[in-house]
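Note sheet for the following structure.
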Amino acid sequence: MGSPMALNLIKVGCDVIVWNRTKSKCDPLISLGAKYSSSPEEVAANCDVTFAMLADPESAIDVTCGKNGAVSGMGPGKGYVDVSTVDVATSKLINEHIKARGALFLEAPVSGSKKLAEDGQLIFLTAGDRSLYELVSPLLDILGKSRFYLGKVGNGAAMKLVVNMIMGSMMASFSEGILLSKKVGLDPSVLVEVVSQGAISAPMYSLKGPSMVKSQYPTAFPLKHQQKKLMLTQDLRLALGLAESVSQSTPIAAAANELYKVAKSYGLSDEDFSAVIEALKAKSQDTA
C-alpha cells in the first residue's frame with residue numbers, strides 16, 4: 001500500500017524520496033519523478049517528514065531501529081509518521097527511539113485496502129505529537145478521505161486492531177451465511193443483494209460478495225495480514241492480545257482467528273482475506 005500512497009503524493013507535486021527492501025518496487029515511482037535513497041536512514045536524513053508503511057511489527061522495528069534504520073537519520077525538526085499496522089507496544093517502542101533523537105512521532109495506521117490507497121480514500125487513525133499531526137494533515141487529506149486524532153501513542157494502534165478484529169469476524173460470519181444459503185437451496189447472489197440493502201449493509205459485503213459466490217478472490221487485503229507466521233493471525237492475534245491485556249472476553253474474534261489459521265494451512269495466505277470461505281468449504285467436506 002505504500003506505493004500507491006507515494007504515487008498520490010507525486011501526482012500533486014510533492015518531492016518524494018523512496019526506499020524499499022526490494023528496490024525494484026521503487027522503480028515505477030522513480031520513473032514518475034521520485035528520488036531513491038539507499039537506506040531508511042538516508043531517507044530520514046533528507047526528508048522533513050518520513051512515512052513508513054511496513055507489513056508487520058518486526059519489519060517496522062527493523063526498518064526504524066535496525067542497522068541503517070530511519071532513527072539514525074532523525075533529529076530535531078524532523079517528523080516520523082508510521083502508517084503500518086503494529087501492536088501498541090511496538091508503536092510505543094518506535095516512539096521512544098524517535099523522541100530520543102529529538103524528533104516528532106505520529107502513529108497513523110490506515111483502515112482501507114490497496115484499491116482505497118490508490119483512490120486516496122484511506123482512513124487514518126492517528127496518535128502522538130499533535131504538532132506533527134497538524135503539519136502532515138494536508139498530506140493525509142491527499143492520501144485519505146478522513147483522519148482521526150486519538151491522543152497518546154498507542155491509541156492509533158489499538159483502534160486499528162479493534163477495526164480489523166471486527167472486519168475479520170464479519171468476513172468469517174458472511175462466509176458462513178453464503179455457504180449456508182447455498183446448502184439450503186437459496187441463491188447466494190440474492191443473499192448478497194439482500195444483505196447489501198438491509199440494516200446490516202456494509203461496503204465490504206457488496207464489494208466482496210459477488211466474487212466470493214464465484215469462488216474468486218482478487219487480492220485487495222491479503223489473507224496473510226489476518227494470518228501470519230507460527231500459525232497465528234497477525235491482526236487478529238494482536239487484537240486478541242490487546243483484549244487479554246485488559247481482561248476483555250472476545251469469543252467471536254477467537255473463533256474467527258481459528259478459521260483464518262485453517263485458511264493459511266490450505267495455502268491461502270496470498271489470496272484476499274475473503275478466501276477464508278474456502279476454509280469453511282473444506283471443513284464442511286471433512287465432516288460430510
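Please note that chains go A, B, ... in the order of the C-alpha cells, that every chain numbers its residues from 1, and that ligands are numbered from 1 in the order shown.
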- Task: Can you pull out every residue within 9 Å of Gly154 (chain A), counting only C-alpha atoms, but drop anything in the same chain fewer than 4 positions away, and send it as a PyMOL selection string?
- Result: chain A and resi 87-92+107+127-128+158-159
Could you save the residues just selected, with N, CA and C atoms, as a PDB file, in the first residue's frame?
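Final output, saved to result.pdb:
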```pdb
ATOM      1  N   ASP A  87       1.303  -3.562  16.901  1.00  0.00           N
ATOM      2  CA  ASP A  87       0.690  -3.605  18.224  1.00  0.00           C
ATOM      3  C   ASP A  87       1.085  -2.359  19.015  1.00  0.00           C
ATOM      4  N   VAL A  88       0.405  -2.134  20.106  1.00  0.00           N
ATOM      5  CA  VAL A  88       0.623  -0.942  20.921  1.00  0.00           C
ATOM      6  C   VAL A  88       2.061  -0.872  21.420  1.00  0.00           C
ATOM      7  N   ALA A  89       2.603  -1.987  21.888  1.00  0.00           N
ATOM      8  CA  ALA A  89       3.956  -1.989  22.428  1.00  0.00           C
ATOM      9  C   ALA A  89       4.977  -1.595  21.369  1.00  0.00           C
ATOM     10  N   THR A  90       4.793  -2.076  20.146  1.00  0.00           N
ATOM     11  CA  THR A  90       5.723  -1.733  19.067  1.00  0.00           C
ATOM     12  C   THR A  90       5.664  -0.249  18.756  1.00  0.00           C
ATOM     13  N   SER A  91       4.460   0.300  18.696  1.00  0.00           N
ATOM     14  CA  SER A  91       4.319   1.721  18.410  1.00  0.00           C
ATOM     15  C   SER A  91       4.979   2.565  19.487  1.00  0.00           C
ATOM     16  N   LYS A  92       4.812   2.176  20.724  1.00  0.00           N
ATOM     17  CA  LYS A  92       5.430   2.924  21.820  1.00  0.00           C
ATOM     18  C   LYS A  92       6.949   2.803  21.784  1.00  0.00           C
ATOM     19  N   GLU A 107       1.864   8.010  15.108  1.00  0.00           N
ATOM     20  CA  GLU A 107       1.399   6.749  14.556  1.00  0.00           C
ATOM     21  C   GLU A 107       0.128   7.051  13.787  1.00  0.00           C
ATOM     22  N   ALA A 127      -2.227   9.116  16.352  1.00  0.00           N
ATOM     23  CA  ALA A 127      -1.999   9.429  17.762  1.00  0.00           C
ATOM     24  C   ALA A 127      -0.525   9.797  17.922  1.00  0.00           C
ATOM     25  N   GLY A 128      -0.256  10.650  18.870  1.00  0.00           N
ATOM     26  CA  GLY A 128       1.127  11.068  19.093  1.00  0.00           C
ATOM     27  C   GLY A 128       1.248  12.578  19.132  1.00  0.00           C
ATOM     28  N   ALA A 158      -4.212   0.649  18.746  1.00  0.00           N
ATOM     29  CA  ALA A 158      -5.318  -0.076  19.367  1.00  0.00           C
ATOM     30  C   ALA A 158      -6.591   0.037  18.528  1.00  0.00           C
ATOM     31  N   MET A 159      -6.874   1.238  18.030  1.00  0.00           N
ATOM     32  CA  MET A 159      -8.075   1.422  17.219  1.00  0.00           C
ATOM     33  C   MET A 159      -8.007   0.578  15.953  1.00  0.00           C
TER      34      MET A 159
END
```
- Query: Within 10 Å of region 207-220 of chain A, counting only C-alpha atoms, which residues qualify if same-chain residues fewer than 2 places away don't, as a ChimeraX atom specification?
  - Reply: /A:1,112-116,171,174-175,178-179,182,187-193,195-196,202-205,222-223,270-278
Closest atom pairs, residues of region 37-148 of chain A within 9 Å of region 10-27 of chain A, only C-alpha atoms, as a tab-separated table:
```
residue	atom	partner	partner_atom	distance
A:Ser37	CA	A:Trp19	CA	5.7
A:Ser38	CA	A:Trp19	CA	6.6
A:Ser39	CA	A:Trp19	CA	6.4
A:Pro40	CA	A:Trp19	CA	6.6
A:Val43	CA	A:Ile17	CA	6.4
A:Asn46	CA	A:Ile17	CA	8.1
A:Cys47	CA	A:Ile17	CA	7.6
A:Thr50	CA	A:Ile17	CA	9.0
A:Ile142	CA	A:Val12	CA	8.3
```
Atoms kept (N, CA, C and O atoms) for selection, written as a PDB file, in the first residue's frame:
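What follows is the written file again14.pdb:
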```
ATOM      1  N   SER A  37      16.631   6.591  -2.246  1.00  0.00           N
ATOM      2  CA  SER A  37      17.710   6.564  -1.263  1.00  0.00           C
ATOM      3  C   SER A  37      18.038   5.120  -0.940  1.00  0.00           C
ATOM      4  O   SER A  37      17.189   4.226  -1.040  1.00  0.00           O
ATOM      5  N   SER A  38      19.266   4.897  -0.516  1.00  0.00           N
ATOM      6  CA  SER A  38      19.763   3.530  -0.347  1.00  0.00           C
ATOM      7  C   SER A  38      19.422   2.911   0.995  1.00  0.00           C
ATOM      8  O   SER A  38      19.686   1.720   1.221  1.00  0.00           O
ATOM      9  N   SER A  39      18.834   3.687   1.929  1.00  0.00           N
ATOM     10  CA  SER A  39      18.501   3.147   3.244  1.00  0.00           C
ATOM     11  C   SER A  39      17.451   4.016   3.906  1.00  0.00           C
ATOM     12  O   SER A  39      17.271   5.194   3.549  1.00  0.00           O
ATOM     13  N   PRO A  40      16.745   3.482   4.902  1.00  0.00           N
ATOM     14  CA  PRO A  40      15.799   4.303   5.673  1.00  0.00           C
ATOM     15  C   PRO A  40      16.502   5.489   6.340  1.00  0.00           C
ATOM     16  O   PRO A  40      15.938   6.581   6.436  1.00  0.00           O
ATOM     17  N   VAL A  43      16.830   8.218   3.803  1.00  0.00           N
ATOM     18  CA  VAL A  43      15.535   8.858   3.558  1.00  0.00           C
ATOM     19  C   VAL A  43      15.236   9.868   4.660  1.00  0.00           C
ATOM     20  O   VAL A  43      14.900  11.034   4.396  1.00  0.00           O
ATOM     21  N   ASN A  46      17.207  13.092   4.668  1.00  0.00           N
ATOM     22  CA  ASN A  46      16.944  14.015   3.571  1.00  0.00           C
ATOM     23  C   ASN A  46      15.498  14.511   3.508  1.00  0.00           C
ATOM     24  O   ASN A  46      15.145  15.255   2.593  1.00  0.00           O
ATOM     25  N   CYS A  47      14.671  14.091   4.455  1.00  0.00           N
ATOM     26  CA  CYS A  47      13.258  14.483   4.454  1.00  0.00           C
ATOM     27  C   CYS A  47      12.882  15.185   5.756  1.00  0.00           C
ATOM     28  O   CYS A  47      13.379  14.825   6.830  1.00  0.00           O
ATOM     29  N   THR A  50       9.126  11.704   7.323  1.00  0.00           N
ATOM     30  CA  THR A  50       9.287  10.364   6.768  1.00  0.00           C
ATOM     31  C   THR A  50       8.044   9.531   7.079  1.00  0.00           C
ATOM     32  O   THR A  50       7.611   9.462   8.232  1.00  0.00           O
ATOM     33  N   ILE A 142      -4.625  14.269   1.231  1.00  0.00           N
ATOM     34  CA  ILE A 142      -4.351  13.815  -0.135  1.00  0.00           C
ATOM     35  C   ILE A 142      -4.466  12.297  -0.216  1.00  0.00           C
ATOM     36  O   ILE A 142      -4.993  11.738  -1.178  1.00  0.00           O
TER      37      ILE A 142
END
```
- Message: Using DSSP assignments from the backbone, pull out every residue in region 128-191 of chain A that falls under alpha helix (DSSP H) and give it to me as a ChimeraX atom specification.
- Response: /A:130-143,155-183,188-191
For the residues in the current selection, export N, CA and C atoms as a short mmCIF file (atom, residue, chain, number, x, y, z; two decimals), in the first residue's frame.
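Written file, again-v7.cif:
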```cif
data_model
loop_
_atom_site.label_atom_id
_atom_site.label_comp_id
_atom_site.auth_asym_id
_atom_site.auth_seq_id
_atom_site.Cartn_x
_atom_site.Cartn_y
_atom_site.Cartn_z
N ARG A 130 0.80 16.16 18.56
CA ARG A 130 -0.27 16.92 17.93
C ARG A 130 0.29 17.90 16.88
N SER A 131 1.45 18.48 17.16
CA SER A 131 2.03 19.43 16.22
C SER A 131 2.40 18.76 14.90
N LEU A 132 2.87 17.52 14.97
CA LEU A 132 3.18 16.79 13.74
C LEU A 132 1.90 16.42 13.00
N TYR A 133 0.87 16.08 13.76
CA TYR A 133 -0.43 15.79 13.15
C TYR A 133 -0.93 16.99 12.36
N GLU A 134 -0.83 18.18 12.94
CA GLU A 134 -1.28 19.38 12.25
C GLU A 134 -0.44 19.63 11.00
N LEU A 135 0.85 19.37 11.11
CA LEU A 135 1.75 19.60 9.99
C LEU A 135 1.45 18.70 8.80
N VAL A 136 1.19 17.42 9.08
CA VAL A 136 1.01 16.46 7.98
C VAL A 136 -0.44 16.29 7.57
N SER A 137 -1.36 16.96 8.24
CA SER A 137 -2.78 16.81 7.89
C SER A 137 -3.07 17.07 6.42
N PRO A 138 -2.47 18.10 5.78
CA PRO A 138 -2.72 18.29 4.35
C PRO A 138 -2.27 17.09 3.51
N LEU A 139 -1.21 16.42 3.92
CA LEU A 139 -0.76 15.23 3.20
C LEU A 139 -1.72 14.07 3.44
N LEU A 140 -2.20 13.93 4.68
CA LEU A 140 -3.16 12.87 4.98
C LEU A 140 -4.45 13.07 4.19
N ASP A 141 -4.80 14.34 3.96
CA ASP A 141 -6.01 14.62 3.20
C ASP A 141 -5.85 14.28 1.72
N ILE A 142 -4.62 14.27 1.23
CA ILE A 142 -4.35 13.82 -0.13
C ILE A 142 -4.47 12.30 -0.22
N LEU A 143 -4.01 11.64 0.82
CA LEU A 143 -3.94 10.17 0.83
C LEU A 143 -5.22 9.50 1.29
N ASN A 155 -2.92 4.61 21.03
CA ASN A 155 -4.36 4.64 20.76
C ASN A 155 -4.67 4.38 19.29
N GLY A 156 -3.80 4.86 18.39
CA GLY A 156 -4.00 4.60 16.97
C GLY A 156 -3.86 3.13 16.66
N ALA A 157 -2.81 2.51 17.21
CA ALA A 157 -2.59 1.08 17.00
C ALA A 157 -3.75 0.27 17.56
N ALA A 158 -4.21 0.65 18.75
CA ALA A 158 -5.32 -0.08 19.37
C ALA A 158 -6.59 0.04 18.53
N MET A 159 -6.87 1.24 18.03
CA MET A 159 -8.07 1.42 17.22
C MET A 159 -8.01 0.58 15.95
N LYS A 160 -6.84 0.54 15.30
CA LYS A 160 -6.70 -0.24 14.07
C LYS A 160 -6.93 -1.73 14.35
N LEU A 161 -6.40 -2.22 15.45
CA LEU A 161 -6.57 -3.64 15.78
C LEU A 161 -8.03 -3.97 16.07
N VAL A 162 -8.73 -3.07 16.75
CA VAL A 162 -10.16 -3.30 17.01
C VAL A 162 -10.93 -3.32 15.70
N VAL A 163 -10.63 -2.38 14.80
CA VAL A 163 -11.31 -2.32 13.50
C VAL A 163 -11.06 -3.61 12.71
N ASN A 164 -9.82 -4.06 12.66
CA ASN A 164 -9.51 -5.26 11.89
C ASN A 164 -10.06 -6.53 12.55
N MET A 165 -10.16 -6.52 13.87
CA MET A 165 -10.79 -7.64 14.55
C MET A 165 -12.25 -7.75 14.13
N ILE A 166 -12.94 -6.62 14.10
CA ILE A 166 -14.34 -6.62 13.67
C ILE A 166 -14.46 -7.07 12.22
N MET A 167 -13.58 -6.54 11.36
CA MET A 167 -13.62 -6.89 9.94
C MET A 167 -13.39 -8.38 9.72
N GLY A 168 -12.40 -8.94 10.40
CA GLY A 168 -12.13 -10.37 10.24
C GLY A 168 -13.29 -11.23 10.70
N SER A 169 -13.91 -10.83 11.79
CA SER A 169 -15.06 -11.58 12.31
C SER A 169 -16.26 -11.46 11.37
N MET A 170 -16.47 -10.26 10.82
CA MET A 170 -17.57 -10.06 9.88
C MET A 170 -17.41 -10.93 8.64
N MET A 171 -16.19 -11.00 8.12
CA MET A 171 -15.96 -11.79 6.91
C MET A 171 -16.18 -13.27 7.18
N ALA A 172 -15.78 -13.74 8.35
CA ALA A 172 -15.99 -15.15 8.69
C ALA A 172 -17.48 -15.46 8.76
N SER A 173 -18.25 -14.59 9.40
CA SER A 173 -19.69 -14.80 9.52
C SER A 173 -20.37 -14.70 8.15
N PHE A 174 -19.95 -13.74 7.34
CA PHE A 174 -20.50 -13.57 5.99
C PHE A 174 -20.26 -14.83 5.16
N SER A 175 -19.07 -15.41 5.30
CA SER A 175 -18.74 -16.64 4.58
C SER A 175 -19.66 -17.78 4.98
N GLU A 176 -19.94 -17.89 6.27
CA GLU A 176 -20.85 -18.92 6.75
C GLU A 176 -22.24 -18.73 6.14
N GLY A 177 -22.69 -17.48 6.07
CA GLY A 177 -24.01 -17.21 5.53
C GLY A 177 -24.13 -17.56 4.06
N ILE A 178 -23.10 -17.26 3.27
CA ILE A 178 -23.10 -17.59 1.84
C ILE A 178 -23.20 -19.09 1.64
N LEU A 179 -22.40 -19.83 2.40
CA LEU A 179 -22.39 -21.29 2.24
C LEU A 179 -23.70 -21.90 2.73
N LEU A 180 -24.23 -21.39 3.83
CA LEU A 180 -25.50 -21.93 4.35
C LEU A 180 -26.64 -21.68 3.37
N SER A 181 -26.68 -20.48 2.79
CA SER A 181 -27.76 -20.18 1.85
C SER A 181 -27.72 -21.14 0.67
N LYS A 182 -26.53 -21.42 0.18
CA LYS A 182 -26.40 -22.35 -0.95
C LYS A 182 -26.80 -23.76 -0.55
N LYS A 183 -26.43 -24.15 0.67
CA LYS A 183 -26.69 -25.51 1.15
C LYS A 183 -28.20 -25.78 1.29
N PRO A 188 -27.06 -17.71 -3.45
CA PRO A 188 -26.20 -16.84 -2.63
C PRO A 188 -26.03 -15.45 -3.20
N SER A 189 -26.20 -15.31 -4.53
CA SER A 189 -26.12 -13.97 -5.13
C SER A 189 -27.25 -13.08 -4.64
N VAL A 190 -28.42 -13.70 -4.45
CA VAL A 190 -29.55 -12.94 -3.93
C VAL A 190 -29.30 -12.58 -2.46
N LEU A 191 -28.69 -13.50 -1.72
CA LEU A 191 -28.34 -13.20 -0.33
C LEU A 191 -27.46 -11.95 -0.26
#
```
- Contacts of Glu96 (chain A) at 12 Å (only C-alpha atoms; same-chain gap of 5+ positions) as a ChimeraX atom specification: /A:61,64-65,71,80,89-91,101-106,128,153-154
- Message: My list of candidates is A:Glu244, A:Asp235, A:Asp119, A:Asp48. Which is closest to Thr85 (chain A) when distances are computed with only C-alpha atoms?
- Response: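 Under the stated criterion, the closest residue is A:Asp235.
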- Task: Output as a PyMOL selection string all residues of region 3-221 of chain A that backbone DSSP marks as strand (DSSP E).
- Result: chain A and resi 17-18+35-36+49-52+79-82+104-107+110-111+122-128+144-149
- For CA of Asn257 (chain A) and CA of Leu236 (chain A), quote the distance in Å rounded to one decimal. 6.1 Å
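The space between CA of Ala52 (chain A) and CA of Val86 (chain A) spans 11.7 Å.
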- Go through A:Ala34, A:Gly267, A:Lys67, A:Ala239 and flag the residue nearest Ala254 (chain A), using only C-alpha atoms for the distances.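 Checking each of A:Ala34, A:Gly267, A:Lys67, A:Ala239 against Ala254 (chain A), counting only C-alpha atoms, the winner is A:Ala239.
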- Query: A:Lys78, A:Lys145, A:Lys152, A:Arg237: which is nearest Val49 (chain A), counting only C-alpha atoms?
  - Reply: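 With only C-alpha atoms as the atom set, the closest residue is A:Lys78.
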